[in-house]
Structure formats: structure tokens, C-alpha cells
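Participant: Just one file: run-v4.tsv, with TSV, C-alpha atoms and all ligand atoms.
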```
chain	number	residue	atom	x	y	z
A	1	MET	CA	25.91	-33.15	2.89
A	2	ARG	CA	29.70	-33.42	2.74
A	3	LEU	CA	29.91	-34.13	6.48
A	4	GLU	CA	28.29	-37.30	7.71
A	5	LEU	CA	28.05	-38.71	11.25
A	6	ILE	CA	27.31	-42.42	11.50
A	7	ARG	CA	27.37	-45.12	14.14
A	8	GLY	CA	29.39	-48.11	13.04
A	9	ASP	CA	32.67	-49.89	12.59
A	10	ILE	CA	35.27	-47.86	10.70
A	11	THR	CA	36.94	-51.03	9.39
A	12	ARG	CA	33.82	-51.56	7.20
A	13	VAL	CA	33.91	-48.11	5.63
A	14	ASP	CA	34.76	-47.73	1.96
A	15	ALA	CA	36.75	-44.51	1.48
A	16	ASP	CA	39.98	-43.28	-0.05
A	17	ALA	CA	41.33	-43.32	3.50
A	18	ILE	CA	40.24	-44.17	7.02
A	19	VAL	CA	42.03	-42.59	9.96
A	20	ASN	CA	43.48	-44.73	12.72
A	21	ALA	CA	43.76	-43.47	16.30
A	22	ALA	CA	47.16	-45.09	16.76
A	23	ASN	CA	49.78	-44.92	19.48
A	24	SER	CA	53.22	-43.46	18.89
A	25	ALA	CA	54.88	-46.82	18.20
A	26	LEU	CA	52.49	-47.47	15.27
A	27	LEU	CA	52.68	-51.16	16.04
A	28	GLY	CA	49.02	-51.76	16.76
A	29	GLY	CA	47.15	-51.74	20.05
A	30	GLY	CA	43.64	-51.95	21.42
A	31	GLY	CA	40.45	-50.17	20.42
A	32	VAL	CA	40.10	-48.93	16.88
A	33	ASP	CA	43.82	-49.49	16.23
A	34	GLY	CA	43.52	-53.21	16.98
A	35	ALA	CA	40.35	-53.50	14.90
A	36	ILE	CA	42.02	-51.83	11.90
A	37	HIS	CA	45.09	-54.08	12.09
A	38	ARG	CA	42.94	-57.21	12.39
A	39	ALA	CA	40.81	-56.24	9.41
A	40	ALA	CA	43.70	-55.05	7.24
A	41	GLY	CA	45.87	-58.11	7.85
A	42	PRO	CA	49.55	-58.54	8.75
A	43	GLU	CA	50.79	-56.55	5.75
A	44	LEU	CA	49.65	-53.40	7.51
A	45	LEU	CA	51.87	-54.06	10.53
A	46	ALA	CA	54.79	-54.81	8.21
A	47	GLU	CA	54.41	-51.42	6.51
A	48	CYS	CA	53.93	-49.67	9.88
A	49	ARG	CA	57.22	-51.11	11.15
A	50	LEU	CA	59.05	-49.28	8.38
A	51	LEU	CA	57.67	-45.95	9.63
A	52	ARG	CA	59.48	-46.13	12.97
A	53	GLY	CA	56.78	-44.45	14.99
A	54	CYS	CA	54.93	-41.15	14.89
A	55	PRO	CA	54.89	-38.24	17.37
A	56	THR	CA	51.63	-37.08	18.97
A	57	GLY	CA	49.70	-34.75	16.67
A	58	GLN	CA	51.38	-35.97	13.49
A	59	ALA	CA	50.13	-38.45	10.88
A	60	ARG	CA	51.54	-41.14	8.59
A	61	LEU	CA	50.10	-42.83	5.50
A	62	THR	CA	49.96	-46.54	4.64
A	63	ARG	CA	47.99	-48.67	2.24
A	64	GLY	CA	44.73	-50.29	3.37
A	65	TYR	CA	45.47	-53.89	2.37
A	66	ARG	CA	42.40	-56.06	3.13
A	67	LEU	CA	40.27	-53.11	4.26
A	68	PRO	CA	37.61	-51.72	1.94
A	69	ALA	CA	39.42	-48.37	2.35
A	70	ARG	CA	42.38	-47.83	0.02
A	71	HIS	CA	44.62	-46.18	2.64
A	72	VAL	CA	45.04	-45.73	6.36
A	73	ILE	CA	46.14	-42.43	7.88
A	74	HIS	CA	47.65	-43.19	11.27
A	75	THR	CA	47.56	-40.32	13.71
A	76	VAL	CA	48.52	-40.23	17.37
A	77	GLY	CA	46.10	-38.40	19.64
A	78	PRO	CA	47.05	-36.92	23.01
A	79	VAL	CA	46.48	-38.78	26.25
A	80	TRP	CA	44.13	-36.66	28.39
A	81	ARG	CA	46.00	-35.40	31.46
A	82	GLY	CA	43.48	-32.85	32.70
A	83	GLY	CA	43.51	-30.49	29.74
A	84	SER	CA	46.31	-28.08	30.63
A	85	ASP	CA	49.04	-30.09	28.96
A	86	GLY	CA	48.29	-28.92	25.42
A	87	GLU	CA	45.77	-31.71	24.76
A	88	PRO	CA	43.21	-29.61	22.82
A	89	THR	CA	45.90	-28.15	20.53
A	90	LEU	CA	47.41	-31.58	19.94
A	91	LEU	CA	44.02	-33.11	19.14
A	92	ALA	CA	43.32	-30.33	16.61
A	93	ARG	CA	46.74	-31.00	15.12
A	94	CYS	CA	45.80	-34.67	14.55
A	95	TYR	CA	42.93	-33.60	12.30
A	96	GLN	CA	45.10	-30.99	10.57
A	97	SER	CA	47.89	-33.51	9.95
A	98	ALA	CA	45.43	-36.09	8.60
A	99	PHE	CA	43.86	-33.53	6.27
A	100	ALA	CA	47.30	-32.41	5.07
A	101	LEU	CA	47.86	-35.99	3.82
A	102	VAL	CA	44.36	-36.08	2.31
A	103	GLU	CA	45.16	-32.90	0.38
A	104	GLN	CA	48.63	-34.04	-0.67
A	105	GLN	CA	47.24	-37.34	-1.99
A	106	GLY	CA	44.16	-35.83	-3.61
A	107	PHE	CA	41.79	-38.05	-1.62
A	108	ARG	CA	38.10	-37.23	-2.02
A	109	THR	CA	36.63	-39.30	0.81
A	110	VAL	CA	37.94	-39.86	4.34
A	111	ALA	CA	36.52	-41.35	7.54
A	112	PHE	CA	37.59	-40.55	11.10
A	113	PRO	CA	36.99	-42.31	14.41
A	114	SER	CA	36.66	-40.21	17.56
A	115	ILE	CA	40.39	-39.75	18.17
A	116	SER	CA	41.62	-39.87	21.81
A	117	THR	CA	38.20	-40.48	23.40
A	118	GLY	CA	38.75	-44.17	24.18
A	119	VAL	CA	41.72	-45.41	26.15
A	120	TYR	CA	43.25	-41.88	25.96
A	121	ARG	CA	40.22	-40.51	27.93
A	122	PHE	CA	39.79	-37.14	26.17
A	123	PRO	CA	36.29	-35.91	27.22
A	124	ILE	CA	34.05	-36.71	24.26
A	125	GLU	CA	32.14	-33.44	24.08
A	126	ARG	CA	35.28	-31.33	23.99
A	127	ALA	CA	36.80	-33.73	21.49
A	128	ALA	CA	33.68	-33.50	19.32
A	129	ARG	CA	33.89	-29.69	19.28
A	130	ILE	CA	37.53	-29.83	18.20
A	131	ALA	CA	36.96	-32.57	15.60
A	132	LEU	CA	33.90	-30.97	14.03
A	133	GLY	CA	35.52	-27.52	14.07
A	134	GLU	CA	38.56	-28.77	12.17
A	135	ILE	CA	36.43	-30.78	9.73
A	136	ARG	CA	34.14	-27.83	8.93
A	137	LYS	CA	37.11	-25.50	8.46
A	138	THR	CA	38.74	-27.99	6.09
A	139	LEU	CA	35.56	-28.60	4.07
A	140	GLU	CA	35.31	-24.85	3.50
A	141	ARG	CA	38.82	-24.50	2.13
A	142	MET	CA	39.10	-27.82	0.27
A	143	PRO	CA	36.39	-28.08	-2.42
A	144	SER	CA	37.94	-31.30	-3.78
A	145	LEU	CA	36.95	-33.07	-0.58
A	146	GLU	CA	33.65	-34.78	-1.35
A	147	LYS	CA	32.88	-36.50	1.92
A	148	VAL	CA	34.14	-36.62	5.50
A	149	THR	CA	32.52	-39.31	7.63
A	150	VAL	CA	32.88	-39.49	11.40
A	151	VAL	CA	32.28	-43.05	12.54
A	152	LEU	CA	31.12	-43.29	16.16
A	153	PHE	CA	31.26	-46.60	17.91
A	154	SER	CA	28.29	-46.15	20.29
A	155	ASP	CA	24.87	-44.49	20.18
A	156	ALA	CA	25.91	-42.21	23.05
A	157	ASP	CA	29.00	-41.01	21.16
A	158	LEU	CA	26.93	-40.45	18.01
A	159	GLU	CA	24.38	-38.42	20.00
A	160	THR	CA	27.13	-36.27	21.51
A	161	TYR	CA	28.59	-35.50	18.07
A	162	GLN	CA	25.11	-34.78	16.65
A	163	ARG	CA	24.35	-32.43	19.53
A	164	VAL	CA	27.63	-30.57	19.13
A	165	LEU	CA	27.12	-30.34	15.35
A	166	SER	CA	23.65	-28.87	15.75
A	167	GLY	CA	24.93	-26.40	18.34
A	168	GLU	CA	22.29	-27.31	20.92
A	169	PRO	CA	22.57	-25.97	24.48
A	170	GLY	CA	24.82	-28.02	26.69
A	171	SER	CA	27.23	-28.50	23.85
A	172	SER	CA	29.57	-25.64	24.64
B	1	LIG	P1	42.45	-43.58	21.73
B	1	LIG	O1	43.62	-44.36	22.28
B	1	LIG	O2	42.87	-42.52	20.73
B	1	LIG	O3	41.55	-43.08	22.80
B	1	LIG	P2	40.63	-45.81	21.17
B	1	LIG	O4	40.71	-46.79	20.04
B	1	LIG	O5	40.78	-46.32	22.54
B	1	LIG	O6	41.67	-44.66	20.81
B	1	LIG	O7	39.25	-45.07	21.09
B	1	LIG	C1	38.91	-44.10	20.12
B	1	LIG	C2	37.44	-44.24	19.76
B	1	LIG	O8	37.30	-45.28	18.78
B	1	LIG	C3	36.55	-44.64	20.93
B	1	LIG	O9	35.38	-43.85	20.89
B	1	LIG	C4	36.22	-46.11	20.63
B	1	LIG	O10	34.95	-46.47	21.13
B	1	LIG	C5	36.20	-46.08	19.12
B	1	LIG	N1	36.32	-47.36	18.40
B	1	LIG	C6	36.79	-48.55	18.83
B	1	LIG	N2	36.71	-49.47	17.84
B	1	LIG	C7	36.17	-48.84	16.76
B	1	LIG	C8	35.82	-49.24	15.44
B	1	LIG	N3	36.01	-50.49	14.99
B	1	LIG	N4	35.28	-48.30	14.59
B	1	LIG	C9	35.08	-47.04	15.01
B	1	LIG	N5	35.39	-46.61	16.24
B	1	LIG	C10	35.93	-47.49	17.10
```
Show the structure stored in the file as C-alpha cells.
Ligand code: ADP
Facilitator:
Amino acid sequence: MRLELIRGDITRVDADAIVNAANSALLGGGGVDGAIHRAAGPELLAECRLLRGCPTGQARLTRGYRLPARHVIHTVGPVWRGGSDGEPTLLARCYQSAFALVEQQGFRTVAFPSISTGVYRFPIERAARIALGEIRKTLERMPSLEKVTVVLFSDADLETYQRVLSGEPGSS
């Protein structure tokens, strides 16, 4: 299986790159962003400062420093404002932008958190459909990609992603 869903802490994942659900300043924050900065060490913030921010839907690459992962792909998800403000398109673009860097760099393994579904309040089931749709599409066209892991932080989030992946009723 080239697509894996696990419950866990993305800062512990060994991969060519892990993806950070950052904010547009790229200067750290709460949630997964804070956890990644704490685990990577202050060198990560120093490199992020040089990037001078990132617009929503785009992605930027840094090294991984003290993380087991070699690199961090920072992407900025949309804040959920009811769904008619382009949020689904922007969330899809986060995955596309991250995969564009993966392809450019020739990475074979990458791990994602559930982008936008924390503080940014994107409904998890809709986010899961978008995330898994983009991941499946990319796996089909990118044979060099060996493994994509989605790391969910709670059992409930993992169950939602598993349900959406298996296409069970209630997931559309
Ligand atoms: P956003 O601002 O994009 O919503 P958050 O960090 O608030 O980002 O939340 C995104 C998701 O990441 C949430 O589901 C949250 O539970 C999860 N999360 C928080 N810490 C970690 C971690 N260490 N590893 C994986 N996922 C995490």
C-alpha cells in the first residue's frame, strides 16, 4: 500500500519530508506547527524567517534539522469561513503545491497532517475527501512516490479518514 493512514505524532515520522500546516507568516504557531518547530529546534525558525511568509495554498521547503524527517514542506491552509470563500479549492491547492515540491526534489516518502482541520476549523470529513482525492490522483501519476502517510492526531480523525477512504455511506 503506497497510501497509509496512521494515528500519531507527525514529528516522529521518518520520511523525506513531512508537511507542516503553517500560517502565512511561517514563524511558528500552535497545533502541528508548534510541535514541528519544537521538535526541529531553533534552526528551523531561522530558515523560515528567510522565506518571508507564504500565501494560502502555496508551499515552501526547508530542512528538517532535529526531526527524523529530512525536510519540512510548509503549506498554508485556508481558514474555514463557511465554505463559499474558495476554501475547498485552496485546500486542494495546498496538497498540489506540496506534491509539486516532492516531485521537484525527487522525494519518495512524504507525510501529511490533516491540513486546516484544527484551529482553521475546516470540517474534517470534507477535508478528508479533498486530501485523499489529491493524494490518490498524485500516486497515480507519480510512480516514483513510494509512500504517502497521513498522520491523524486523534482516533476520531483517523476513523473519519478511514471511512472516507473506504467510501462508506455517510462519507459523501
Ligand atoms: P490548522 O491551523 O491548519 O487547522 P492545526 O495545527 O491547528 O492546523 O491542526 C491541523 C491538524 O493537525 C489537527 O487535526 C490537529 O489535531 C493535528 N495535529 C496537531 N499536532 C499534531 C502532531 N504533532 N502530529 C500530527 N497532527 C497534529
Participant: Neighbouring residues of ligand LIG 1 (chain B) are defined here as those with any atom at most 6 Å from a ligand atom, counting all atoms listed in the file; list them as an NGL selection string.
Facilitator: :A and (9-11 or 21 or 31-33 or 35 or 77 or 113-121 or 151-153)
Participant: Do you know which residues are at most 8 Å from Arg70 (chain A) counting all atoms listed in the file, after dropping those on the same chain fewer than 6 positions away, and could you put them as a ChimeraX atom specification?
Facilitator: /A:14-17,63-64
Participant: Give the answer as one residue: which of A:Val164, A:Ile6, A:Val102, A:Ala40 has the shortest atom-to-atom distance to Ala127 (chain A), using all atoms listed in the file?
Facilitator: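 Between A:Val164, A:Ile6, A:Val102, A:Ala40, the residue approaching Ala127 (chain A) most closely is A:Val164.
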Participant: Write out as a VMD selection string the residues lying within 12 Å of Gly167 (chain A), counting all atoms listed in the file and excluding same-chain residues fewer than 5 positions away.
Facilitator: chain A and resid 125 128 to 129 132 to 133 160 to 162 172
Participant: Do you have the CA of Ser84 (chain A)-CA of Ala131 (chain A) distance handy?
Facilitator: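 Pair CA of Ser84 (chain A) / CA of Ala131 (chain A) returns 18.3 Å.
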Participant: Counting all atoms listed in the file, what is within 12 Å of Arg49 (chain A), bar same-chain residues fewer than 2 positions away, as a PDB file with C-alpha atoms, keeping the file's coordinate frame?
Facilitator:
```
ATOM      1  CA  SER A  24      53.220 -43.460  18.890  1.00  0.00           C
ATOM      2  CA  ALA A  25      54.880 -46.820  18.200  1.00  0.00           C
ATOM      3  CA  LEU A  26      52.490 -47.470  15.270  1.00  0.00           C
ATOM      4  CA  LEU A  27      52.680 -51.160  16.040  1.00  0.00           C
ATOM      5  CA  GLY A  28      49.020 -51.760  16.760  1.00  0.00           C
ATOM      6  CA  PRO A  42      49.550 -58.540   8.750  1.00  0.00           C
ATOM      7  CA  GLU A  43      50.790 -56.550   5.750  1.00  0.00           C
ATOM      8  CA  LEU A  44      49.650 -53.400   7.510  1.00  0.00           C
ATOM      9  CA  LEU A  45      51.870 -54.060  10.530  1.00  0.00           C
ATOM     10  CA  ALA A  46      54.790 -54.810   8.210  1.00  0.00           C
ATOM     11  CA  GLU A  47      54.410 -51.420   6.510  1.00  0.00           C
ATOM     12  CA  LEU A  51      57.670 -45.950   9.630  1.00  0.00           C
ATOM     13  CA  ARG A  52      59.480 -46.130  12.970  1.00  0.00           C
ATOM     14  CA  GLY A  53      56.780 -44.450  14.990  1.00  0.00           C
ATOM     15  CA  CYS A  54      54.930 -41.150  14.890  1.00  0.00           C
ATOM     16  CA  ARG A  60      51.540 -41.140   8.590  1.00  0.00           C
ATOM     17  CA  THR A  62      49.960 -46.540   4.640  1.00  0.00           C
TER      18      THR A  62
END
```
Participant: Given only C-alpha atoms as the basis, pick out the residue of A:Arg2, A:Arg163, A:His74, A:Arg66 nearest to Ile124 (chain A).
Facilitator: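 For Ile124 (chain A), the nearest of the candidates is A:Arg163.
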Participant: What's the separation between CA of Ser154 (chain A) and CA of Arg136 (chain A), in Å to one decimal place?
Facilitator: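 Taking CA of Ser154 (chain A) as the start and CA of Arg136 (chain A) as the end point, the length is 22.3 Å.
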Participant: Distance CA of Cys48 (chain A)-CA of Gln96 (chain A), one decimal place?
Facilitator: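 Answer for the CA of Cys48 (chain A) to CA of Gln96 (chain A) separation: 20.7 Å.
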Participant: So which one's closest to Trp80 (chain A), A:Leu5, A:Val19, A:Ser144, A:Phe122? Using only C-alpha atoms, please.
Facilitator: A:Phe122
Participant: Using the file's own x, y and z axes, what box holds all listed atoms of region 149-159 of chain A with 4 Å on each side, keeping edges along x, y and z, and what are its centre and edge lengths in Å to one decimal, as JSON?
Facilitator:
```
{"center_x": 28.6, "center_y": -42.5, "center_z": 15.3, "size_x": 16.5, "size_y": 16.2, "size_z": 23.4}
```
Participant: Pick out the closest residue to Glu103 (chain A) from this set: A:Thr56, A:Thr75, A:Thr89, A:Thr138. Count all atoms listed in the file.
Facilitator: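 Smallest distance to Glu103 (chain A) is found for A:Thr138.
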Participant: Pick out the closest residue to Asp157 (chain A) from this set: A:Gly41, A:Pro68, A:Pro55, A:Pro123. Count only C-alpha atoms.
Facilitator: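 Counting only C-alpha atoms, the residue closest to Asp157 (chain A) is A:Pro123.
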Participant: Kindly add N, CA and C atoms to the incomplete region 93-104 of chain A and provide the output as a compact mmCIF listing (two decimals), keeping the file's coordinate frame.
Facilitator:
```txt
# COMPACT_ATOMS: atom_id res chain seq x y z
N ARG A 93 45.62 -30.72 16.03
CA ARG A 93 46.74 -31.00 15.12
C ARG A 93 46.60 -32.38 14.45
N CYS A 94 46.04 -33.35 15.16
CA CYS A 94 45.80 -34.67 14.55
C CYS A 94 44.93 -34.54 13.31
N TYR A 95 43.84 -33.78 13.45
CA TYR A 95 42.93 -33.60 12.30
C TYR A 95 43.63 -32.81 11.20
N GLN A 96 44.39 -31.79 11.58
CA GLN A 96 45.10 -30.99 10.57
C GLN A 96 46.14 -31.83 9.84
N SER A 97 46.86 -32.66 10.57
CA SER A 97 47.89 -33.51 9.95
C SER A 97 47.25 -34.54 9.02
N ALA A 98 46.14 -35.11 9.45
CA ALA A 98 45.43 -36.09 8.60
C ALA A 98 44.94 -35.40 7.32
N PHE A 99 44.36 -34.23 7.45
CA PHE A 99 43.86 -33.53 6.27
C PHE A 99 44.99 -33.06 5.35
N ALA A 100 46.16 -32.78 5.91
CA ALA A 100 47.30 -32.41 5.07
C ALA A 100 47.65 -33.58 4.14
N LEU A 101 47.60 -34.80 4.66
CA LEU A 101 47.86 -35.99 3.82
C LEU A 101 46.74 -36.18 2.80
N VAL A 102 45.51 -35.97 3.23
CA VAL A 102 44.36 -36.08 2.31
C VAL A 102 44.56 -35.13 1.12
N GLU A 103 44.97 -33.91 1.42
CA GLU A 103 45.16 -32.90 0.38
C GLU A 103 46.32 -33.27 -0.54
N GLN A 104 47.44 -33.64 0.07
CA GLN A 104 48.63 -34.04 -0.67
C GLN A 104 48.34 -35.19 -1.65
```
